[in-house]
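A.B. asks: One structure, as structure tokens, below. Some questions next.
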Amino acid sequence: MKYKFIPAIVVMLVLVFISNLLTVEAKSSKPKVREYALAAKDVKETREELVYEKLNPNEFSLPKLTVFTEALKGFNQLKEKGLISKDILTVIDFSMSSNTNRLWVIDLSSNTILFNTLVAHGKNTGDEFATSFSNISSSFKSSLGFYATGEIYIGKHGKSLRLDGLEKGINSNARDRAVVIHGADYVSQSFIRNNKRLGRSLGCPAIPLALTNEIIRTIKDKSCLFIYYPSNGYKVASRLVS
């Protein structure tokens with residue numbers, strides 16, 4: 001009679017084994033899901049770095065990685081919103097000396113740097129180094145952040161390019177302030193030699209006369225311009241950087 005219980009015992013043992021096996025598989029699967037999630041997060045965080053690594057300097061210097069990363073993140077958001085339409089990114093690094101080439105024009109469709117040159121800041125923003133920024137009219141200061149390039153016009157500086165500030169309270173008064181890209185004779189190596197620093201504008205990112213036509217033609221009509229400075233106040237106020 002005792003042998004009648006053997007099949008029941010075997011069935012119970014098999015059920016216990018299967019239950020334990022499923023529990024082990026469930027536990028072991030959780031770390032894998034977490035690992036996959038972390039891996040996806042890492043890829044997302046380094047996407048800008050991967051683009052940076054593939055940049056063709058075209059005999060120019062590269063912008064700093066942190067500056068480029070911040071610029072590209074904002075560019076991607078603005079492109080998705082339709083606020084810019086061209087794959088051209090202009091980066092200005094106002095943390096650098098005005099005596100250095102701190103403006104880059106980058107073709108993101110080919111990952112190639114097209115221009116790297118001098119650029120002026122506003123006369124009340126600083127001397128050789130930029131230190132103070134404003135969105136207020138008649139401040140004669142530069143404004144930080146992201147812009148969309150507008151249309152070409154002929155003004156007192158010749159061919160110029162209007163800018164539309166895309167960040168409220170940071171650079172949104174750019175058009176009303178007539179903050180534009182234009183050429184200037186004080187943006188030159190000869191001015192630096194004679195004055196120990198680059199010349200300054202009334203708030204415009206002025207560029208060398210010799211490159212004005214080429215740069216304006218390249219970046220006109222809704223390309224992205226980003227003016228960088230390591231400002232905690234800007235990071236707090238901006239919705240395009242973090």
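Naming scheme: A, B, ... for chains in displayed order of the structure tokens; residues 1 onward per chain; ligands 1 onward as shown.
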I'd like the neighbourhood of segment 47-58 of chain A as an mmCIF file with all heavy atoms, in the first residue's frame, where a residue qualifies if any of its atoms comes within 8 Å (using only C-alpha atoms), though same-chain residues fewer than 5 positions away should be ignored.
C.D. replies:
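File selection_38.cif, as written:
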```cif
data_model
loop_
_atom_site.group_PDB
_atom_site.id
_atom_site.type_symbol
_atom_site.label_atom_id
_atom_site.label_comp_id
_atom_site.auth_asym_id
_atom_site.auth_seq_id
_atom_site.Cartn_x
_atom_site.Cartn_y
_atom_site.Cartn_z
ATOM 1 N N LEU A 65 34.682 70.086 -25.179
ATOM 2 C CA LEU A 65 33.644 69.057 -25.193
ATOM 3 C C LEU A 65 32.402 69.508 -24.427
ATOM 4 O O LEU A 65 31.278 69.316 -24.888
ATOM 5 C CB LEU A 65 34.195 67.757 -24.592
ATOM 6 C CG LEU A 65 33.180 66.626 -24.390
ATOM 7 C CD1 LEU A 65 32.531 66.230 -25.698
ATOM 8 C CD2 LEU A 65 33.856 65.421 -23.734
ATOM 9 N N PHE A 68 30.451 72.044 -26.530
ATOM 10 C CA PHE A 68 29.799 71.406 -27.683
ATOM 11 C C PHE A 68 28.613 70.559 -27.249
ATOM 12 O O PHE A 68 27.555 70.570 -27.884
ATOM 13 C CB PHE A 68 30.803 70.547 -28.447
ATOM 14 C CG PHE A 68 30.197 69.817 -29.612
ATOM 15 C CD1 PHE A 68 29.970 70.477 -30.811
ATOM 16 C CD2 PHE A 68 29.830 68.484 -29.502
ATOM 17 C CE1 PHE A 68 29.396 69.817 -31.893
ATOM 18 C CE2 PHE A 68 29.247 67.821 -30.573
ATOM 19 C CZ PHE A 68 29.029 68.481 -31.778
ATOM 20 N N THR A 69 28.786 69.824 -26.150
ATOM 21 C CA THR A 69 27.702 68.969 -25.643
ATOM 22 C C THR A 69 26.471 69.787 -25.302
ATOM 23 O O THR A 69 25.341 69.445 -25.668
ATOM 24 C CB THR A 69 28.184 68.193 -24.397
ATOM 25 O OG1 THR A 69 29.253 67.318 -24.773
ATOM 26 C CG2 THR A 69 27.053 67.373 -23.795
ATOM 27 N N LEU A 72 24.881 71.093 -28.574
ATOM 28 C CA LEU A 72 24.212 70.072 -29.390
ATOM 29 C C LEU A 72 22.901 69.616 -28.752
ATOM 30 O O LEU A 72 21.923 69.354 -29.455
ATOM 31 C CB LEU A 72 25.137 68.885 -29.620
ATOM 32 C CG LEU A 72 24.617 67.820 -30.594
ATOM 33 C CD1 LEU A 72 24.288 68.437 -31.956
ATOM 34 C CD2 LEU A 72 25.637 66.692 -30.750
ATOM 35 N N LYS A 73 22.873 69.533 -27.431
ATOM 36 C CA LYS A 73 21.624 69.160 -26.755
ATOM 37 C C LYS A 73 20.535 70.188 -27.043
ATOM 38 O O LYS A 73 19.395 69.833 -27.357
ATOM 39 C CB LYS A 73 21.857 69.052 -25.244
ATOM 40 C CG LYS A 73 22.587 67.795 -24.813
ATOM 41 C CD LYS A 73 22.750 67.762 -23.303
ATOM 42 C CE LYS A 73 23.446 66.486 -22.856
ATOM 43 N NZ LYS A 73 23.647 66.455 -21.374
ATOM 44 N N ASN A 111 29.518 66.702 -40.135
ATOM 45 C CA ASN A 111 30.366 66.761 -38.931
ATOM 46 C C ASN A 111 31.701 67.453 -39.210
ATOM 47 O O ASN A 111 32.765 66.978 -38.805
ATOM 48 C CB ASN A 111 30.617 65.350 -38.366
ATOM 49 C CG ASN A 111 29.452 64.850 -37.544
ATOM 50 O OD1 ASN A 111 28.465 65.556 -37.383
ATOM 51 N ND2 ASN A 111 29.553 63.644 -37.031
ATOM 52 N N THR A 112 31.618 68.580 -39.892
ATOM 53 C CA THR A 112 32.823 69.309 -40.293
ATOM 54 C C THR A 112 32.786 70.741 -39.769
ATOM 55 O O THR A 112 31.753 71.413 -39.853
ATOM 56 C CB THR A 112 32.947 69.347 -41.827
ATOM 57 O OG1 THR A 112 32.956 68.003 -42.330
ATOM 58 C CG2 THR A 112 34.231 70.047 -42.250
ATOM 59 N N ILE A 113 33.917 71.187 -39.224
ATOM 60 C CA ILE A 113 34.029 72.586 -38.813
ATOM 61 C C ILE A 113 34.340 73.429 -40.046
ATOM 62 O O ILE A 113 35.330 73.199 -40.742
ATOM 63 C CB ILE A 113 35.130 72.763 -37.749
ATOM 64 C CG1 ILE A 113 34.722 72.030 -36.463
ATOM 65 C CG2 ILE A 113 35.363 74.243 -37.446
ATOM 66 C CD1 ILE A 113 35.747 72.100 -35.355
ATOM 67 N N LEU A 114 33.481 74.397 -40.321
ATOM 68 C CA LEU A 114 33.623 75.232 -41.508
ATOM 69 C C LEU A 114 34.421 76.505 -41.242
ATOM 70 O O LEU A 114 35.178 76.960 -42.098
ATOM 71 C CB LEU A 114 32.239 75.610 -42.053
ATOM 72 C CG LEU A 114 31.295 74.441 -42.370
ATOM 73 C CD1 LEU A 114 29.950 74.983 -42.860
ATOM 74 C CD2 LEU A 114 31.913 73.517 -43.405
#
```
A.B. asks: Determine, counting only C-alpha atoms, which protein, DNA and RNA residues have an atom within 7 Å of an atom of His121 of chain A; residues of the same chain fewer than 6 positions away are not included. Present the result as JSON, numbers by chain.
C.D. replies: {"A": [130, 142, 200, 201, 203, 204, 205]}
A.B. asks: Which residue out of A:Gly126, A:Gly158, A:Gly82, A:Gly233 has the minimum interatomic distance to Arg197 of chain A when only C-alpha atoms are used?
C.D. replies: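 Closest to Arg197 of chain A, using only C-alpha atoms: A:Gly126.
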A.B. asks: DSSP on the backbone: what in segment 9-229 of chain A comes out strand (DSSP E), as a PyMOL selection string?
C.D. replies: chain A and resi 88-93+103-107+112-117+145-155+158-165+180-184+207-208+224-228
A.B. asks: Just the residues within 10 Å of Pro230 of chain A, please, counting only C-alpha atoms, with nothing from its chain fewer than 4 positions along; format it as a ChimeraX atom specification.
C.D. replies: /A:66-67,93-95,131,234-235
A.B. asks: When DSSP works through the backbone of this structure, what residues of segment 51-215 of chain A end up as helix (DSSP H, G or I), shown as a ChimeraX atom specification?
C.D. replies: /A:51-53,65-81,189-195,209-215
A.B. asks: Rounded to one decimal place, report the atom CA of Tyr228 of chain A-atom CA of Lys79 of chain A distance in Å.
C.D. replies: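 Pair atom CA of Tyr228 of chain A / atom CA of Lys79 of chain A returns 18.7 Å.
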A.B. asks: Could you check the closest approach to Asn124 of chain A for each of A:Gly155, A:Gly199, A:Gly150, A:Gly145 and tell me which residue wins, using only C-alpha atoms?
C.D. replies: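 Distance minimum relative to Asn124 of chain A lands on A:Gly199.
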A.B. asks: Nearest to Leu163 of chain A: which of A:Arg217, A:Lys222, A:Lys141, A:Lys196 is it, counting only C-alpha atoms?
C.D. replies: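 Of A:Arg217, A:Lys222, A:Lys141, A:Lys196, the one nearest Leu163 of chain A, counting only C-alpha atoms, is A:Lys222.
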